[in-house]
Structure formats: structure tokens, C-alpha cells
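Engineer: Next up, model09.tsv (TSV, N, CA and C atoms).
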```
chain	number	residue	atom	x	y	z
J	1	MET	N	124.83	79.12	101.10
J	1	MET	CA	123.70	79.74	101.75
J	1	MET	C	122.57	79.83	100.74
J	2	ASN	N	121.40	79.39	101.11
J	2	ASN	CA	120.27	79.35	100.21
J	2	ASN	C	119.30	80.49	100.55
J	3	SER	N	119.57	81.67	100.03
J	3	SER	CA	118.69	82.80	100.30
J	3	SER	C	117.66	82.89	99.17
J	4	SER	N	116.43	83.17	99.56
J	4	SER	CA	115.36	83.27	98.58
J	4	SER	C	115.37	84.64	97.93
J	5	LYS	N	115.04	84.67	96.67
J	5	LYS	CA	114.91	85.92	95.94
J	5	LYS	C	113.43	86.17	95.70
J	6	TYR	N	113.04	87.44	95.82
J	6	TYR	CA	111.63	87.80	95.73
J	6	TYR	C	111.40	88.77	94.58
J	7	ASP	N	110.20	88.69	94.02
J	7	ASP	CA	109.72	89.72	93.12
J	7	ASP	C	109.44	90.94	93.99
J	8	GLN	N	110.15	92.03	93.72
J	8	GLN	CA	110.10	93.18	94.62
J	8	GLN	C	108.71	93.82	94.69
J	9	VAL	N	107.98	93.81	93.60
J	9	VAL	CA	106.65	94.41	93.61
J	9	VAL	C	105.71	93.58	94.50
J	10	LYS	N	105.72	92.28	94.32
J	10	LYS	CA	104.87	91.42	95.14
J	10	LYS	C	105.31	91.43	96.60
J	11	TYR	N	106.61	91.50	96.84
J	11	TYR	CA	107.15	91.51	98.20
J	11	TYR	C	106.71	92.78	98.94
J	12	SER	N	106.83	93.92	98.29
J	12	SER	CA	106.43	95.17	98.95
J	12	SER	C	104.92	95.22	99.15
J	13	LYS	N	104.17	94.66	98.20
J	13	LYS	CA	102.71	94.60	98.35
J	13	LYS	C	102.34	93.72	99.54
J	14	ALA	N	103.02	92.59	99.70
J	14	ALA	CA	102.75	91.70	100.83
J	14	ALA	C	103.05	92.40	102.15
J	15	LEU	N	104.15	93.16	102.20
J	15	LEU	CA	104.50	93.88	103.42
J	15	LEU	C	103.48	94.97	103.74
J	16	ARG	N	103.04	95.71	102.71
J	16	ARG	CA	102.07	96.78	102.94
J	16	ARG	C	100.75	96.22	103.46
J	17	PHE	N	100.26	95.16	102.83
J	17	PHE	CA	99.00	94.58	103.28
J	17	PHE	C	99.13	93.96	104.67
J	18	ALA	N	100.28	93.37	104.98
J	18	ALA	CA	100.49	92.82	106.32
J	18	ALA	C	100.48	93.93	107.36
J	19	ALA	N	101.10	95.06	107.04
J	19	ALA	CA	101.11	96.19	107.98
J	19	ALA	C	99.69	96.72	108.20
J	20	LEU	N	98.92	96.82	107.13
J	20	LEU	CA	97.54	97.30	107.27
J	20	LEU	C	96.69	96.31	108.09
J	21	ARG	N	96.88	95.04	107.85
J	21	ARG	CA	96.12	94.05	108.62
J	21	ARG	C	96.52	94.08	110.09
J	22	PHE	N	97.81	94.29	110.36
J	22	PHE	CA	98.28	94.39	111.74
J	22	PHE	C	97.63	95.59	112.43
J	23	ILE	N	97.56	96.71	111.74
J	23	ILE	CA	96.93	97.90	112.31
J	23	ILE	C	95.46	97.64	112.62
J	24	VAL	N	94.76	96.95	111.73
J	24	VAL	CA	93.35	96.63	111.97
J	24	VAL	C	93.21	95.71	113.18
J	25	ALA	N	94.08	94.71	113.30
J	25	ALA	CA	94.01	93.79	114.44
J	25	ALA	C	94.26	94.53	115.76
J	26	VAL	N	95.22	95.45	115.76
J	26	VAL	CA	95.50	96.23	116.96
J	26	VAL	C	94.31	97.13	117.30
J	27	TYR	N	93.69	97.71	116.29
J	27	TYR	CA	92.53	98.56	116.52
J	27	TYR	C	91.36	97.77	117.10
J	28	ILE	N	91.15	96.55	116.61
J	28	ILE	CA	90.08	95.71	117.15
J	28	ILE	C	90.38	95.38	118.62
J	29	CYS	N	91.64	95.12	118.94
J	29	CYS	CA	92.02	94.90	120.35
J	29	CYS	C	91.74	96.14	121.18
J	30	TYR	N	92.08	97.30	120.66
J	30	TYR	CA	91.82	98.55	121.37
J	30	TYR	C	90.33	98.71	121.64
J	31	LEU	N	89.51	98.46	120.64
J	31	LEU	CA	88.06	98.54	120.83
J	31	LEU	C	87.58	97.56	121.89
J	32	ALA	N	88.14	96.36	121.88
J	32	ALA	CA	87.74	95.34	122.85
J	32	ALA	C	88.02	95.81	124.27
J	33	PHE	N	89.20	96.37	124.49
J	33	PHE	CA	89.54	96.82	125.84
J	33	PHE	C	88.73	98.06	126.24
J	34	LYS	N	88.43	98.91	125.30
J	34	LYS	CA	87.61	100.08	125.62
J	34	LYS	C	86.18	99.65	125.98
J	35	ILE	N	85.65	98.67	125.26
J	35	ILE	CA	84.29	98.19	125.57
J	35	ILE	C	84.29	97.45	126.90
J	36	ALA	N	85.28	96.60	127.13
J	36	ALA	CA	85.31	95.81	128.36
J	36	ALA	C	85.53	96.68	129.59
J	37	SER	N	86.23	97.78	129.46
J	37	SER	CA	86.52	98.62	130.61
J	37	SER	C	85.62	99.85	130.70
J	38	ALA	N	84.51	99.83	129.98
J	38	ALA	CA	83.61	100.98	129.98
J	38	ALA	C	82.92	101.09	131.34
J	39	ASP	N	83.07	102.24	131.98
J	39	ASP	CA	82.45	102.46	133.28
J	39	ASP	C	81.20	103.33	133.17
J	40	ASP	N	81.16	104.21	132.21
J	40	ASP	CA	80.05	105.15	132.09
J	40	ASP	C	79.07	104.71	131.00
J	41	THR	N	78.47	103.55	131.19
J	41	THR	CA	77.53	103.00	130.23
J	41	THR	C	76.30	102.47	130.95
J	42	THR	N	75.22	102.35	130.22
J	42	THR	CA	74.00	101.80	130.81
J	42	THR	C	73.95	100.28	130.68
J	43	MET	N	74.88	99.71	129.93
J	43	MET	CA	74.94	98.24	129.82
J	43	MET	C	75.51	97.66	131.11
J	44	SER	N	75.17	96.41	131.36
J	44	SER	CA	75.74	95.76	132.54
J	44	SER	C	77.22	95.47	132.30
J	45	LYS	N	77.95	95.40	133.36
J	45	LYS	CA	79.40	95.15	133.26
J	45	LYS	C	79.67	93.78	132.63
J	46	THR	N	78.82	92.82	132.92
J	46	THR	CA	78.98	91.48	132.35
J	46	THR	C	78.84	91.51	130.83
J	47	LEU	N	77.85	92.24	130.35
J	47	LEU	CA	77.65	92.35	128.91
J	47	LEU	C	78.84	93.04	128.25
J	48	CYS	N	79.39	94.04	128.91
J	48	CYS	CA	80.58	94.72	128.37
J	48	CYS	C	81.74	93.74	128.25
J	49	TRP	N	81.93	92.90	129.27
J	49	TRP	CA	83.01	91.92	129.23
J	49	TRP	C	82.77	90.89	128.13
J	50	ILE	N	81.53	90.48	127.94
J	50	ILE	CA	81.22	89.49	126.89
J	50	ILE	C	81.51	90.09	125.51
J	51	ILE	N	81.04	91.31	125.28
J	51	ILE	CA	81.29	91.95	123.98
J	51	ILE	C	82.78	92.18	123.77
J	52	GLY	N	83.48	92.59	124.83
J	52	GLY	CA	84.92	92.75	124.75
J	52	GLY	C	85.63	91.45	124.42
J	53	GLY	N	85.16	90.35	125.01
J	53	GLY	CA	85.73	89.03	124.73
J	53	GLY	C	85.52	88.62	123.28
J	54	VAL	N	84.33	88.94	122.76
J	54	VAL	CA	84.04	88.63	121.35
J	54	VAL	C	84.99	89.41	120.45
J	55	PHE	N	85.22	90.68	120.79
J	55	PHE	CA	86.14	91.49	119.99
J	55	PHE	C	87.58	90.98	120.09
J	56	ILE	N	87.99	90.54	121.27
J	56	ILE	CA	89.34	89.96	121.41
J	56	ILE	C	89.46	88.70	120.57
J	57	ALA	N	88.43	87.85	120.59
J	57	ALA	CA	88.44	86.63	119.76
J	57	ALA	C	88.51	86.99	118.28
J	58	ALA	N	87.78	88.04	117.89
J	58	ALA	CA	87.82	88.48	116.49
J	58	ALA	C	89.22	88.99	116.13
J	59	ALA	N	89.84	89.73	117.05
J	59	ALA	CA	91.19	90.25	116.79
J	59	ALA	C	92.20	89.12	116.67
J	60	ILE	N	92.08	88.12	117.51
J	60	ILE	CA	92.99	86.97	117.44
J	60	ILE	C	92.78	86.21	116.14
J	61	GLY	N	91.53	85.98	115.78
J	61	GLY	CA	91.23	85.29	114.52
J	61	GLY	C	91.75	86.06	113.32
J	62	PHE	N	91.55	87.36	113.33
J	62	PHE	CA	92.04	88.19	112.23
J	62	PHE	C	93.56	88.20	112.20
J	63	GLY	N	94.20	88.17	113.37
J	63	GLY	CA	95.66	88.12	113.44
J	63	GLY	C	96.21	86.82	112.85
J	64	VAL	N	95.56	85.71	113.17
J	64	VAL	CA	95.99	84.41	112.62
J	64	VAL	C	95.80	84.41	111.10
J	65	TYR	N	94.65	84.90	110.65
J	65	TYR	CA	94.41	84.99	109.21
J	65	TYR	C	95.48	85.86	108.54
J	66	SER	N	95.80	87.00	109.15
J	66	SER	CA	96.78	87.92	108.57
J	66	SER	C	98.15	87.27	108.48
J	67	TYR	N	98.52	86.53	109.52
J	67	TYR	CA	99.82	85.84	109.53
J	67	TYR	C	99.90	84.81	108.40
J	68	LYS	N	98.85	84.00	108.27
J	68	LYS	CA	98.84	82.98	107.22
J	68	LYS	C	98.82	83.62	105.83
J	69	ARG	N	98.06	84.69	105.68
J	69	ARG	CA	97.98	85.37	104.38
J	69	ARG	C	99.31	86.00	104.01
J	70	PHE	N	100.01	86.57	105.00
J	70	PHE	CA	101.32	87.17	104.75
J	70	PHE	C	102.31	86.12	104.25
J	71	HIS	N	102.32	84.96	104.89
J	71	HIS	CA	103.23	83.91	104.44
J	71	HIS	C	102.84	83.35	103.08
J	72	ALA	N	101.56	83.30	102.79
J	72	ALA	CA	101.12	82.87	101.45
J	72	ALA	C	101.55	83.89	100.40
J	73	ASP	N	101.43	85.18	100.74
J	73	ASP	CA	101.86	86.23	99.81
J	73	ASP	C	103.37	86.19	99.60
J	74	LEU	N	104.13	85.89	100.66
J	74	LEU	CA	105.58	85.78	100.51
J	74	LEU	C	105.95	84.59	99.63
J	75	ASP	N	105.26	83.47	99.81
J	75	ASP	CA	105.52	82.32	98.96
J	75	ASP	C	105.21	82.64	97.50
J	76	ASP	N	104.17	83.42	97.28
J	76	ASP	CA	103.82	83.83	95.93
J	76	ASP	C	104.86	84.78	95.35
J	77	ALA	N	105.49	85.57	96.21
J	77	ALA	CA	106.47	86.55	95.75
J	77	ALA	C	107.84	85.93	95.48
J	78	LYS	N	108.08	84.71	95.98
J	78	LYS	CA	109.38	84.07	95.74
J	78	LYS	C	109.55	83.79	94.26
J	79	LEU	N	110.73	84.10	93.77
J	79	LEU	CA	111.05	83.80	92.38
J	79	LEU	C	111.44	82.34	92.27
J	80	LYS	N	110.90	81.70	91.29
J	80	LYS	CA	111.27	80.31	91.03
J	80	LYS	C	112.61	80.31	90.30
J	81	GLU	N	113.20	79.15	90.19
J	81	GLU	CA	114.51	79.04	89.52
J	81	GLU	C	114.44	79.53	88.08
J	82	GLU	N	113.32	79.23	87.41
J	82	GLU	CA	113.21	79.62	86.01
J	82	GLU	C	112.89	81.11	85.85
J	83	ASP	N	112.53	81.80	86.94
J	83	ASP	CA	112.20	83.22	86.86
J	83	ASP	C	113.39	84.14	87.15
J	84	THR	N	114.48	83.60	87.66
J	84	THR	CA	115.60	84.46	88.02
J	84	THR	C	116.27	85.01	86.78
J	85	ILE	N	116.92	86.12	86.92
J	85	ILE	CA	117.59	86.79	85.79
J	85	ILE	C	118.68	85.90	85.21
J	86	GLU	N	119.41	85.22	86.08
J	86	GLU	CA	120.49	84.35	85.60
J	86	GLU	C	119.94	83.23	84.73
J	87	ALA	N	118.81	82.64	85.15
J	87	ALA	CA	118.22	81.55	84.38
J	87	ALA	C	117.72	82.05	83.04
J	88	VAL	N	117.13	83.24	83.01
J	88	VAL	CA	116.65	83.80	81.76
J	88	VAL	C	117.82	84.10	80.84
J	89	ALA	N	118.91	84.62	81.39
J	89	ALA	CA	120.10	84.92	80.59
J	89	ALA	C	120.72	83.64	80.03
J	90	GLU	N	120.78	82.59	80.85
J	90	GLU	CA	121.32	81.32	80.37
J	90	GLU	C	120.45	80.74	79.27
J	91	GLU	N	119.14	80.87	79.41
J	91	GLU	CA	118.22	80.37	78.39
J	91	GLU	C	118.40	81.14	77.08
J	92	ALA	N	118.59	82.45	77.17
J	92	ALA	CA	118.81	83.27	75.98
J	92	ALA	C	120.12	82.89	75.31
J	93	ASP	N	121.16	82.64	76.12
J	93	ASP	CA	122.45	82.22	75.55
J	93	ASP	C	122.31	80.87	74.85
J	94	ALA	N	121.56	79.97	75.44
J	94	ALA	CA	121.37	78.66	74.83
J	94	ALA	C	120.61	78.79	73.51
J	95	GLU	N	119.62	79.66	73.46
J	95	GLU	CA	118.88	79.87	72.21
J	95	GLU	C	119.77	80.50	71.15
J	96	ASP	N	120.65	81.43	71.56
J	96	ASP	CA	121.56	82.05	70.61
J	96	ASP	C	122.54	81.03	70.04
J	97	SER	N	123.06	80.16	70.88
J	97	SER	CA	124.01	79.16	70.39
J	97	SER	C	123.31	78.16	69.47
J	98	ASP	N	122.03	77.83	69.77
J	98	ASP	CA	121.27	76.95	68.89
J	98	ASP	C	121.02	77.61	67.54
J	99	ALA	N	120.70	78.89	67.57
J	99	ALA	CA	120.47	79.62	66.32
J	99	ALA	C	121.75	79.71	65.51
J	100	ASP	N	122.90	79.92	66.15
J	100	ASP	CA	124.18	79.99	65.45
J	100	ASP	C	124.51	78.64	64.81
J	101	SER	N	124.24	77.56	65.51
J	101	SER	CA	124.53	76.24	64.95
J	101	SER	C	123.60	75.95	63.78
J	102	ASP	N	122.35	76.39	63.82
J	102	ASP	CA	121.43	76.20	62.72
J	102	ASP	C	121.90	76.98	61.48
J	103	ILE	N	122.41	78.18	61.69
J	103	ILE	CA	122.89	78.99	60.59
J	103	ILE	C	124.11	78.35	59.94
J	104	SER	N	125.03	77.85	60.76
J	104	SER	CA	126.23	77.25	60.19
J	104	SER	C	125.90	75.97	59.43
J	105	VAL	N	124.90	75.21	59.86
J	105	VAL	CA	124.49	74.00	59.15
J	105	VAL	C	123.89	74.39	57.82
J	106	ASN	N	123.08	75.45	57.79
J	106	ASN	CA	122.44	75.88	56.55
J	106	ASN	C	123.45	76.44	55.57
J	107	GLU	N	124.51	77.06	56.05
J	107	GLU	CA	125.54	77.62	55.16
J	107	GLU	C	126.33	76.51	54.48
J	108	ASN	N	126.49	75.37	55.13
J	108	ASN	CA	127.23	74.27	54.55
J	108	ASN	C	126.44	73.56	53.46
J	109	ILE	N	125.17	73.74	53.40
J	109	ILE	CA	124.34	73.02	52.43
J	109	ILE	C	124.46	73.64	51.07
```
What's the C-alpha cells form of this structure?
Structural biologist:
Amino acid sequence: MNSSKYDQVKYSKALRFAALRFIVAVYICYLAFKIASADDTTMSKTLCWIIGGVFIAAAIGFGVYSYKRFHADLDDAKLKEEDTIEAVAEEADAEDSDADSDISVNENI
């Protein structure tokens, strides 16, 4: 099973920003429906529907942007093979064994 590992700080930051963007998109939708369904206004009903449609389009555009940004942030939060703890530990072990072999060669001289 190939499960991805994430940098927890970047992962939680991506989730927080995605949640905030989702809330903003929902609020823009709410405003659109309130404007489109306004009965007690001096504006014409057609103008209310047009402005509401513009707000719905803005909410959809912002939602698409938020979705793409969330996935970009998740890709950024993924740990690469060289960033994992196991890879760093293996690299440190390899450096230690190289240092030990250098010391033993110098002792023989």
C-alpha cells in the first residue's frame, strides 16, 4: 500500500485555509441568494437576479480556485522520499559507517 506521508504543519495549514475558503464561498452563495430573492428593494427584480447570478458565478469561481489551491498545498505538504525520517536515519548511518572506515584506514597508516 502506497500511503503518502505529509509534513504535519503544512498539512494542517492547508486544511485550515481550505476550511476558511469554503466558508467564504458559502457566504458568497448566501449573499447571492439573498440578493436574488430580495422582495423589499427599490431595484428591479431583473437587476436583483443579474447581481445574484454574478455572485453565484463568483462563488463558483472561488470554489474552483479553492479546490485547486488545496490540492496544490497538499502536494507541497507531501514528504519526498529524501525527507522521511527513515531516509534521514539511513543517510546518517551511512555517514557513520563511512567515518568509521576512514578512521580505521588512518589507524593502519
Engineer: Report, in Å with one decimal, the straight-line distance from atom C of Asp7 of chain J to atom C of Arg69 of chain J.
Structural biologist: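 Interatomic distance here is 15.1 Å.
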Engineer: Measuring between only C-alpha atoms, which one of J:Ala36, J:Cys29, J:Leu74, J:Val24 shows the shortest distance to Ile51 of chain J?
Structural biologist: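 Comparing J:Ala36, J:Cys29, J:Leu74, J:Val24 against Ile51 of chain J, the winner is J:Ala36.
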Engineer: Write out as an mmCIF file with N, CA and C atoms, in the coordinates of the input the residues lying within 8 Å of Trp49 of chain J, counting all atoms listed in the file and excluding same-chain residues fewer than 6 positions away.
Structural biologist:
```cif
data_model
loop_
_atom_site.group_PDB
_atom_site.id
_atom_site.type_symbol
_atom_site.label_atom_id
_atom_site.label_comp_id
_atom_site.auth_asym_id
_atom_site.auth_seq_id
_atom_site.Cartn_x
_atom_site.Cartn_y
_atom_site.Cartn_z
ATOM 1 N N ILE J 35 85.650 98.670 125.260
ATOM 2 C CA ILE J 35 84.290 98.190 125.570
ATOM 3 C C ILE J 35 84.290 97.450 126.900
ATOM 4 N N ALA J 36 85.280 96.600 127.130
ATOM 5 C CA ALA J 36 85.310 95.810 128.360
ATOM 6 C C ALA J 36 85.530 96.680 129.590
ATOM 7 N N SER J 37 86.230 97.780 129.460
ATOM 8 C CA SER J 37 86.520 98.620 130.610
ATOM 9 C C SER J 37 85.620 99.850 130.700
ATOM 10 N N ALA J 38 84.510 99.830 129.980
ATOM 11 C CA ALA J 38 83.610 100.980 129.980
ATOM 12 C C ALA J 38 82.920 101.090 131.340
ATOM 13 N N PHE J 55 85.220 90.680 120.790
ATOM 14 C CA PHE J 55 86.140 91.490 119.990
ATOM 15 C C PHE J 55 87.580 90.980 120.090
#
```
Engineer: Calculated over all atoms listed in the file, which of the candidates J:Asp93, J:Cys48, J:Tyr30, J:Phe22 has the smallest distance to Phe62 of chain J?
Structural biologist: J:Phe22
Engineer: So how many Å separate atom C of Leu15 of chain J and atom C of Lys34 of chain J, to one decimal?
Structural biologist: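 That distance, rounded to one decimal, is 28.6 Å.
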Engineer: Return as AutoDock Vina command-line options the centre and edge lengths, in Å with one decimal, of the box along x, y and z that encloses every atom of segment 36-53 of chain J in the file, padded by 5 Å per side.
Structural biologist:
```
--center_x 80.2 --center_y 96.9 --center_z 128.3 --size_x 22.6 --size_y 26.5 --size_z 20.1
```
Engineer: Which residues, written as a ChimeraX atom specification, have at least one atom at most 7 Å from Ile28 of chain J, with all atoms listed in the file counted and residues fewer than 6 positions away on the same chain left out?
Structural biologist: /J:55-56,58-59
Engineer: Output N, CA and C atoms of each residue in that selection to a file, as a PDB file, in the frame of the given file.
Structural biologist:
```
ATOM      1  N   PHE J  55      85.220  90.680 120.790  1.00  0.00           N
ATOM      2  CA  PHE J  55      86.140  91.490 119.990  1.00  0.00           C
ATOM      3  C   PHE J  55      87.580  90.980 120.090  1.00  0.00           C
ATOM      4  N   ILE J  56      87.990  90.540 121.270  1.00  0.00           N
ATOM      5  CA  ILE J  56      89.340  89.960 121.410  1.00  0.00           C
ATOM      6  C   ILE J  56      89.460  88.700 120.570  1.00  0.00           C
ATOM      7  N   ALA J  58      87.780  88.040 117.890  1.00  0.00           N
ATOM      8  CA  ALA J  58      87.820  88.480 116.490  1.00  0.00           C
ATOM      9  C   ALA J  58      89.220  88.990 116.130  1.00  0.00           C
ATOM     10  N   ALA J  59      89.840  89.730 117.050  1.00  0.00           N
ATOM     11  CA  ALA J  59      91.190  90.250 116.790  1.00  0.00           C
ATOM     12  C   ALA J  59      92.200  89.120 116.670  1.00  0.00           C
TER      13      ALA J  59
END
```
Engineer: Name the residues in contact with Tyr6 of chain J at a cut-off of 6 Å, using only N, CA and C atoms, excluding same-chain residues fewer than 5 positions from it; report them as a PyMOL selection string.
Structural biologist: chain J and resi 11+77-79
Engineer: In Å, how far is it from atom CA of Glu81 of chain J to atom N of Lys68 of chain J?
Structural biologist: 24.9 Å
Engineer: So which one's closest to Gly52 of chain J, J:Phe33, J:His71, J:Ser12, J:Phe17? Using all atoms listed in the file, please.
Structural biologist: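 Using all atoms listed in the file, Gly52 of chain J sits closest to J:Phe33.
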Engineer: Using only C-alpha atoms, which of J:Ser4, J:Gly63, J:Ser44, J:Val9 sits nearest Ile23 of chain J?
Structural biologist: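 Counting only C-alpha atoms, the residue closest to Ile23 of chain J is J:Gly63.
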